[in-house]
$ cat data26.txt   # compact mmCIF, C-alpha atoms
# COMPACT_ATOMS: atom_id res chain seq x y z
CA MET A 1 -34.14 13.97 -7.27
CA ALA A 2 -31.94 13.93 -4.17
CA SER A 3 -28.89 16.18 -4.12
CA PRO A 4 -25.48 14.45 -4.15
CA ASP A 5 -24.05 13.63 -0.72
CA LEU A 6 -20.92 15.61 0.14
CA SER A 7 -19.59 12.83 2.37
CA ALA A 8 -19.95 10.31 -0.47
CA LEU A 9 -17.49 12.42 -2.45
CA VAL A 10 -15.01 13.51 0.21
CA ILE A 11 -14.47 10.04 1.70
CA PRO A 12 -13.44 8.43 -1.66
CA LEU A 13 -11.19 11.42 -2.36
CA LEU A 14 -9.48 10.95 1.00
CA LYS A 15 -8.83 7.34 0.00
CA GLY A 16 -7.52 8.02 -3.50
CA VAL A 17 -8.39 9.20 -6.99
CA ILE A 18 -11.87 9.56 -8.50
CA TYR A 19 -11.99 8.75 -12.23
CA GLN A 20 -14.77 9.77 -14.58
CA GLU A 21 -14.51 6.45 -16.44
CA ALA A 22 -14.94 4.43 -13.24
CA ASP A 23 -18.18 6.04 -12.02
CA ALA A 24 -19.89 8.66 -14.19
CA GLY A 25 -22.53 9.37 -11.54
CA GLN A 26 -19.96 10.08 -8.84
CA TRP A 27 -17.96 12.20 -11.28
CA ASN A 28 -20.99 14.32 -12.22
CA ALA A 29 -21.83 14.78 -8.54
CA LEU A 30 -18.28 15.98 -7.93
CA LEU A 31 -18.55 18.52 -10.75
CA THR A 32 -21.80 19.78 -9.24
CA LEU A 33 -20.43 20.05 -5.69
CA GLN A 34 -16.80 20.87 -6.36
CA ALA A 35 -17.01 24.33 -4.73
CA ARG A 36 -18.38 22.79 -1.52
CA VAL A 37 -15.80 20.00 -1.65
CA ARG A 38 -13.01 22.58 -1.99
CA ASP A 39 -14.32 24.52 1.03
CA TYR A 40 -14.69 21.35 3.08
CA VAL A 41 -11.22 19.92 2.41
CA ALA A 42 -9.59 23.34 2.90
CA VAL A 43 -10.39 22.94 6.62
CA LEU A 44 -8.15 19.83 6.50
CA ASP A 45 -5.38 21.84 4.79
CA LEU A 46 -6.03 20.01 1.52
CA GLU A 47 -6.91 21.20 -1.96
CA LEU A 48 -8.94 19.54 -4.69
CA VAL A 49 -7.19 18.92 -8.00
CA LEU A 50 -9.82 18.31 -10.69
CA ASP A 51 -9.07 17.91 -14.38
CA GLU A 52 -12.28 17.79 -16.40
CA ALA A 53 -10.48 17.21 -19.70
CA GLU A 54 -8.58 14.18 -18.43
CA GLY A 55 -11.36 12.96 -16.13
CA TYR A 56 -9.69 12.60 -12.74
CA ALA A 57 -9.72 14.30 -9.34
CA PHE A 58 -7.67 13.89 -6.16
CA LEU A 59 -6.69 15.70 -2.99
CA ARG A 60 -3.24 17.01 -2.17
CA ALA A 61 -1.73 18.95 0.70
CA ARG A 62 -1.78 22.69 0.28
CA PRO A 63 1.63 24.35 -0.16
CA GLU A 64 3.42 24.73 3.14
CA PRO A 65 3.51 28.33 4.46
CA GLU A 66 6.76 30.21 4.40
CA GLU A 67 8.76 30.20 7.59
CA GLY A 68 7.27 32.50 10.21
CA THR A 69 4.08 33.31 8.29
CA ALA A 70 1.70 30.76 9.79
CA THR A 71 1.50 27.74 12.02
CA ARG A 72 2.39 24.58 10.12
CA LEU A 73 -0.27 21.90 10.46
CA PRO A 74 0.46 18.16 10.50
CA ARG A 75 0.20 16.59 7.03
CA LEU A 76 -2.96 14.56 6.48
CA VAL A 77 -1.74 13.19 3.15
CA ALA A 78 1.61 11.53 3.75
CA ARG A 79 4.48 11.96 1.34
CA ARG A 80 5.77 8.72 -0.16
CA PRO A 81 9.52 8.49 -0.70
CA LEU A 82 10.25 6.83 -4.04
CA SER A 83 13.23 4.67 -4.84
CA PHE A 84 15.59 5.79 -7.57
CA PRO A 85 14.38 3.24 -10.20
CA VAL A 86 10.69 3.98 -9.53
CA SER A 87 11.32 7.72 -9.90
CA LEU A 88 13.15 7.00 -13.14
CA LEU A 89 10.32 4.83 -14.45
CA LEU A 90 7.78 7.57 -13.69
CA ALA A 91 9.91 10.07 -15.61
CA LEU A 92 10.26 7.74 -18.61
CA LEU A 93 6.53 7.01 -18.65
CA ARG A 94 5.73 10.73 -18.46
CA LYS A 95 7.98 11.45 -21.42
CA LYS A 96 6.39 8.58 -23.34
CA LEU A 97 2.95 10.00 -22.56
CA ALA A 98 4.00 13.44 -23.85
CA GLU A 99 5.29 11.89 -27.09
CA PHE A 100 2.10 9.86 -27.40
CA ASP A 101 -0.09 12.95 -26.96
CA ALA A 102 1.97 14.87 -29.52
CA SER A 103 1.29 12.14 -32.09
CA GLY A 104 -2.44 12.95 -31.88
CA GLY A 105 -3.51 9.32 -31.80
CA ASP A 106 -5.61 7.41 -29.29
CA THR A 107 -6.20 8.82 -25.81
CA ARG A 108 -5.04 5.63 -24.06
CA LEU A 109 -1.33 4.82 -23.89
CA VAL A 110 -0.97 1.05 -23.57
CA LEU A 111 2.48 -0.54 -23.30
CA ALA A 112 3.71 -4.11 -23.18
CA ARG A 113 6.08 -5.05 -20.38
CA ASP A 114 8.82 -5.55 -22.98
CA GLU A 115 8.38 -1.95 -24.13
CA VAL A 116 8.78 -0.72 -20.57
CA ALA A 117 11.86 -2.92 -20.18
CA GLU A 118 13.34 -1.35 -23.30
CA LEU A 119 12.76 2.14 -21.86
CA MET A 120 14.66 1.25 -18.68
CA ARG A 121 17.30 -1.11 -20.07
CA VAL A 122 19.91 1.58 -20.69
CA PHE A 123 19.65 2.80 -17.09
CA LEU A 124 19.90 -0.56 -15.33
CA ARG A 125 23.25 -1.95 -14.30
CA GLU A 126 25.16 -3.70 -17.07
CA GLY A 127 25.55 -7.42 -16.61
CA SER A 128 21.95 -8.15 -15.57
CA ASN A 129 20.66 -11.14 -17.51
CA GLU A 130 17.32 -10.96 -19.29
CA ALA A 131 15.41 -12.92 -16.65
CA ARG A 132 16.73 -10.68 -13.88
CA LEU A 133 15.91 -7.59 -15.92
CA ILE A 134 12.30 -8.74 -16.35
CA ASP A 135 12.05 -9.47 -12.61
CA GLN A 136 13.28 -5.95 -11.86
CA ILE A 137 10.84 -4.41 -14.34
CA ASP A 138 7.94 -6.38 -12.84
CA PHE A 139 8.88 -5.15 -9.36
CA TYR A 140 9.05 -1.49 -10.46
CA LEU A 141 5.84 -1.81 -12.47
CA GLY A 142 4.12 -3.17 -9.37
CA LYS A 143 5.22 -0.14 -7.36
CA VAL A 144 3.92 2.26 -10.02
CA VAL A 145 0.62 0.35 -10.17
CA GLU A 146 0.34 0.74 -6.37
CA LEU A 147 0.90 4.49 -6.75
CA GLY A 148 -1.99 4.62 -9.24
CA PHE A 149 -0.04 5.76 -12.30
CA LEU A 150 -0.41 2.46 -14.18
CA ARG A 151 -3.24 -0.02 -14.58
CA ARG A 152 -2.69 -3.66 -15.46
CA LEU A 153 -4.82 -4.84 -18.37
CA LYS A 154 -6.37 -8.27 -18.77
CA VAL A 155 -4.79 -10.23 -21.61
CA GLU A 156 -5.39 -13.61 -23.18
CA HIS A 157 -3.42 -16.56 -21.82
CA GLY A 158 0.04 -16.61 -23.35
CA GLN A 159 -0.04 -12.92 -24.30
CA PRO A 160 2.58 -10.54 -22.83
CA PRO A 161 1.56 -8.45 -19.81
CA MET A 162 0.16 -5.04 -20.78
CA VAL A 163 -0.27 -1.84 -18.77
CA GLU A 164 -2.11 1.42 -19.38
CA VAL A 165 -0.44 4.67 -18.35
CA ARG A 166 -2.97 6.63 -16.29
CA ARG A 167 -3.21 10.24 -17.37
CA ILE A 168 -3.09 11.43 -13.77
CA LEU A 169 0.68 11.03 -14.10
CA LYS A 170 0.64 14.41 -15.89
CA ALA A 171 -0.47 16.11 -12.66
CA PHE A 172 2.50 14.76 -10.71
CA VAL A 173 5.23 15.14 -13.34
CA ASP A 174 4.48 18.58 -14.75
CA ALA A 175 5.61 20.29 -17.95
CA GLN A 176 8.40 22.22 -16.25
CA TRP A 177 9.82 19.01 -14.78
CA LEU A 178 9.55 17.36 -18.18
CA ALA A 179 11.35 20.25 -19.86
CA GLU A 180 14.37 19.46 -17.66
CA PHE A 181 14.14 15.76 -18.47
CA ASP A 182 17.35 15.47 -20.50
CA GLN A 183 19.37 17.09 -17.72
CA ARG A 184 17.75 14.74 -15.21
CA LEU A 185 18.62 11.71 -17.33
CA THR A 186 22.24 12.85 -17.44
CA ALA A 187 22.15 13.06 -13.65
CA TYR A 188 20.56 9.60 -13.44
CA ARG A 189 23.31 8.11 -15.60
CA SER A 190 26.01 9.66 -13.44
CA LEU A 191 24.33 8.46 -10.23
CA LEU A 192 23.60 4.94 -11.37
CA PRO A 193 27.00 3.34 -10.61
CA GLY A 194 26.66 4.52 -7.01
CA ARG A 195 23.04 3.42 -6.68
CA LYS A 196 23.50 -0.33 -6.83
CA GLU A 197 21.41 -0.85 -3.72
CA ALA A 198 18.44 1.00 -5.23
CA VAL A 199 18.53 -0.95 -8.46
CA ASP A 200 18.87 -4.24 -6.61
CA GLU A 201 15.99 -3.71 -4.18
$ encode --input "data26.txt" --output "structure tokens"
Amino acid sequence: MASPDLSALVIPLLKGVIYQEADAGQWNALLTLQARVRDYVAVLDLELVLDEAEGYAFLRARPEPEEGTATRLPRLVARRPLSFPVSLLLALLRKKLAEFDASGGDTRLVLARDEVAELMRVFLREGSNEARLIDQIDFYLGKVVELGFLRRLKVEHGQPPMVEVRRILKAFVDAQWLAEFDQRLTAYRSLLPGRKEAVDE
């Protein structure tokens, strides 16, 4: 049996996330070669984040060196600035995922668009009619899908849109951040009147 190809693992990782559920063969190859992958991407100033329990892996930039300790290399993985509402939606989804996990139920958190709208309703500017609210929610959901933290699910004709919260969200919104969630929501509420342009984008 031929050994897994390192390039066949590194190239997909440079493009995005590898999920166990999407390709079990690729996932098993990554588990086998993860030490070599880590050494390879370290040359590019990247590190491999691999969560066997949740079944995902991705690359991220290594922490930047402190001032004066080393030469700072150009970033290979670009940072993506997030709008205020998208950041808020990620925070709300992460809290929902934590509550879902604490309930000890299914491993997949699936939400209807209306449920997401209800999560965000209190934070969106008063006076928006229902149709405009749904348009806003669809726009923000689309952004989060692009980021890879949500997956749209196929539904029967006439059924409400459904999304699955990808568990990789836990790697980007960590427990410490979540512990400060209530304080962050207070800050969001105080910022919202001055963030009309972000909500209206």
$ closest_residue --input "data26.txt" --among "A:Val49, A:Leu6, A:Ala24, A:Leu111" --to "Arg36 (chain A)" --atoms "only C-alpha atoms"
A:Leu6
$ residues_near_point --input "data26.txt" --point "(-1.2, 2.8, -8.8)" --cutoff "12 Å" --atoms "only C-alpha atoms" --output "VMD selection string"
chain A and resid 16 to 17 86 90 140 to 152 163 to 169
$ closest_residue --input "data26.txt" --among "A:Lys95, A:Ala42, A:Gln159, A:Leu14" --to "Glu180 (chain A)" --atoms "all atoms listed in the file"
A:Lys95
$ atom_distance --input "data26.txt" --atom1 "CA of Lys15 (chain A)" --atom2 "CA of Ala112 (chain A)"
28.7 Å
$ atom_distance --input "data26.txt" --atom1 "CA of Leu82 (chain A)" --atom2 "CA of Glu21 (chain A)"
27.7 Å
$ atom_distance --input "data26.txt" --atom1 "CA of Leu92 (chain A)" --atom2 "CA of Val116 (chain A)"
8.8 Å
$ closest_residue --input "data26.txt" --among "A:Pro85, A:Tyr19, A:Val173, A:Ala98" --to "Gln136 (chain A)" --atoms "all atoms listed in the file"
A:Pro85
$ closest_residue --input "data26.txt" --among "A:Leu97, A:Val155, A:Leu9, A:Leu109" --to "Val37 (chain A)" --atoms "all atoms listed in the file"
A:Leu9
$ decode --input "data26.txt" --residues "region 24-40 of chain A" --atoms "all heavy atoms" --output "compact mmCIF listing (two decimals), in the first residue's frame"
# COMPACT_ATOMS: atom_id res chain seq x y z
N ALA A 24 -12.86 10.53 4.81
CA ALA A 24 -12.24 9.73 5.88
C ALA A 24 -10.83 9.30 5.50
O ALA A 24 -9.94 9.24 6.36
CB ALA A 24 -13.11 8.50 6.18
N GLY A 25 -10.60 9.02 4.22
CA GLY A 25 -9.27 8.59 3.78
C GLY A 25 -8.24 9.70 3.96
O GLY A 25 -7.13 9.47 4.46
N GLN A 26 -8.61 10.90 3.55
CA GLN A 26 -7.72 12.05 3.69
C GLN A 26 -7.47 12.34 5.17
O GLN A 26 -6.35 12.66 5.57
CB GLN A 26 -8.35 13.26 3.00
CG GLN A 26 -7.45 14.49 2.98
CD GLN A 26 -8.14 15.67 2.31
OE1 GLN A 26 -9.25 16.05 2.69
NE2 GLN A 26 -7.48 16.24 1.30
N TRP A 27 -8.52 12.22 5.97
CA TRP A 27 -8.39 12.47 7.41
C TRP A 27 -7.42 11.47 8.06
O TRP A 27 -6.55 11.85 8.83
CB TRP A 27 -9.76 12.38 8.07
CG TRP A 27 -9.72 12.59 9.56
CD1 TRP A 27 -9.80 11.64 10.53
CD2 TRP A 27 -9.57 13.85 10.24
NE1 TRP A 27 -9.72 12.22 11.77
CE2 TRP A 27 -9.57 13.56 11.62
CE3 TRP A 27 -9.42 15.16 9.82
CZ2 TRP A 27 -9.44 14.55 12.59
CZ3 TRP A 27 -9.29 16.16 10.78
CH2 TRP A 27 -9.30 15.85 12.15
N ASN A 28 -7.56 10.20 7.73
CA ASN A 28 -6.67 9.18 8.29
C ASN A 28 -5.23 9.39 7.84
O ASN A 28 -4.29 9.17 8.62
CB ASN A 28 -7.16 7.78 7.89
CG ASN A 28 -8.46 7.40 8.58
OD1 ASN A 28 -8.74 7.87 9.68
ND2 ASN A 28 -9.26 6.57 7.93
N ALA A 29 -5.06 9.84 6.60
CA ALA A 29 -3.71 10.13 6.11
C ALA A 29 -3.11 11.29 6.89
O ALA A 29 -1.92 11.29 7.25
CB ALA A 29 -3.75 10.46 4.62
N LEU A 30 -3.94 12.28 7.20
CA LEU A 30 -3.46 13.43 7.97
C LEU A 30 -3.04 13.01 9.38
O LEU A 30 -2.01 13.45 9.90
CB LEU A 30 -4.54 14.51 8.04
CG LEU A 30 -4.20 15.77 8.84
CD1 LEU A 30 -2.95 16.44 8.29
CD2 LEU A 30 -5.37 16.73 8.84
N LEU A 31 -3.82 12.13 10.00
CA LEU A 31 -3.45 11.63 11.33
C LEU A 31 -2.11 10.91 11.28
O LEU A 31 -1.28 11.05 12.18
CB LEU A 31 -4.54 10.70 11.87
CG LEU A 31 -5.91 11.33 12.18
CD1 LEU A 31 -6.86 10.27 12.74
CD2 LEU A 31 -5.77 12.48 13.16
N THR A 32 -1.91 10.14 10.21
CA THR A 32 -0.66 9.38 10.07
C THR A 32 0.53 10.31 9.87
O THR A 32 1.61 10.08 10.43
CB THR A 32 -0.77 8.42 8.87
OG1 THR A 32 -1.86 7.52 9.10
CG2 THR A 32 0.51 7.62 8.69
N LEU A 33 0.35 11.36 9.08
CA LEU A 33 1.47 12.23 8.70
C LEU A 33 1.49 13.57 9.42
O LEU A 33 2.21 14.48 9.01
CB LEU A 33 1.41 12.49 7.19
CG LEU A 33 1.71 11.31 6.27
CD1 LEU A 33 1.63 11.74 4.81
CD2 LEU A 33 3.08 10.73 6.54
N GLN A 34 0.73 13.70 10.49
CA GLN A 34 0.59 15.03 11.09
C GLN A 34 1.92 15.61 11.57
O GLN A 34 2.14 16.83 11.47
CB GLN A 34 -0.44 15.03 12.21
CG GLN A 34 -0.11 14.18 13.41
CD GLN A 34 -1.15 14.41 14.52
OE1 GLN A 34 -1.26 15.49 15.07
NE2 GLN A 34 -1.90 13.36 14.83
N ALA A 35 2.85 14.78 12.05
CA ALA A 35 4.14 15.30 12.49
C ALA A 35 4.90 15.91 11.31
O ALA A 35 5.50 16.98 11.42
CB ALA A 35 4.96 14.20 13.14
N ARG A 36 4.87 15.23 10.16
CA ARG A 36 5.55 15.74 8.97
C ARG A 36 4.86 17.00 8.44
O ARG A 36 5.52 17.94 7.98
CB ARG A 36 5.59 14.66 7.88
CG ARG A 36 6.55 13.51 8.19
CD ARG A 36 6.54 12.49 7.08
NE ARG A 36 6.94 13.07 5.80
CZ ARG A 36 6.76 12.47 4.62
NH1 ARG A 36 6.17 11.28 4.57
NH2 ARG A 36 7.15 13.05 3.51
N VAL A 37 3.52 17.01 8.50
CA VAL A 37 2.78 18.20 8.07
C VAL A 37 3.16 19.39 8.95
O VAL A 37 3.40 20.49 8.46
CB VAL A 37 1.26 17.94 8.11
CG1 VAL A 37 0.48 19.25 7.89
CG2 VAL A 37 0.87 16.91 7.06
N ARG A 38 3.24 19.17 10.26
CA ARG A 38 3.59 20.25 11.18
C ARG A 38 4.98 20.81 10.86
O ARG A 38 5.19 22.03 10.84
CB ARG A 38 3.56 19.76 12.63
CG ARG A 38 2.17 19.47 13.16
CD ARG A 38 2.21 19.01 14.61
NE ARG A 38 0.95 18.45 15.02
CZ ARG A 38 -0.14 19.15 15.36
NH1 ARG A 38 -0.06 20.48 15.33
NH2 ARG A 38 -1.25 18.56 15.72
N ASP A 39 5.93 19.92 10.59
CA ASP A 39 7.29 20.36 10.26
C ASP A 39 7.31 21.13 8.95
O ASP A 39 8.00 22.15 8.82
CB ASP A 39 8.23 19.15 10.16
CG ASP A 39 8.50 18.50 11.52
OD1 ASP A 39 8.24 19.15 12.55
OD2 ASP A 39 8.97 17.35 11.54
N TYR A 40 6.54 20.66 7.98
CA TYR A 40 6.53 21.28 6.66
C TYR A 40 5.95 22.69 6.74
O TYR A 40 6.51 23.64 6.21
CB TYR A 40 5.72 20.41 5.70
CG TYR A 40 5.73 20.90 4.27
CD1 TYR A 40 6.72 20.47 3.38
CD2 TYR A 40 4.78 21.80 3.80
CE1 TYR A 40 6.75 20.92 2.08
CE2 TYR A 40 4.80 22.25 2.50
CZ TYR A 40 5.79 21.81 1.64
OH TYR A 40 5.81 22.26 0.35
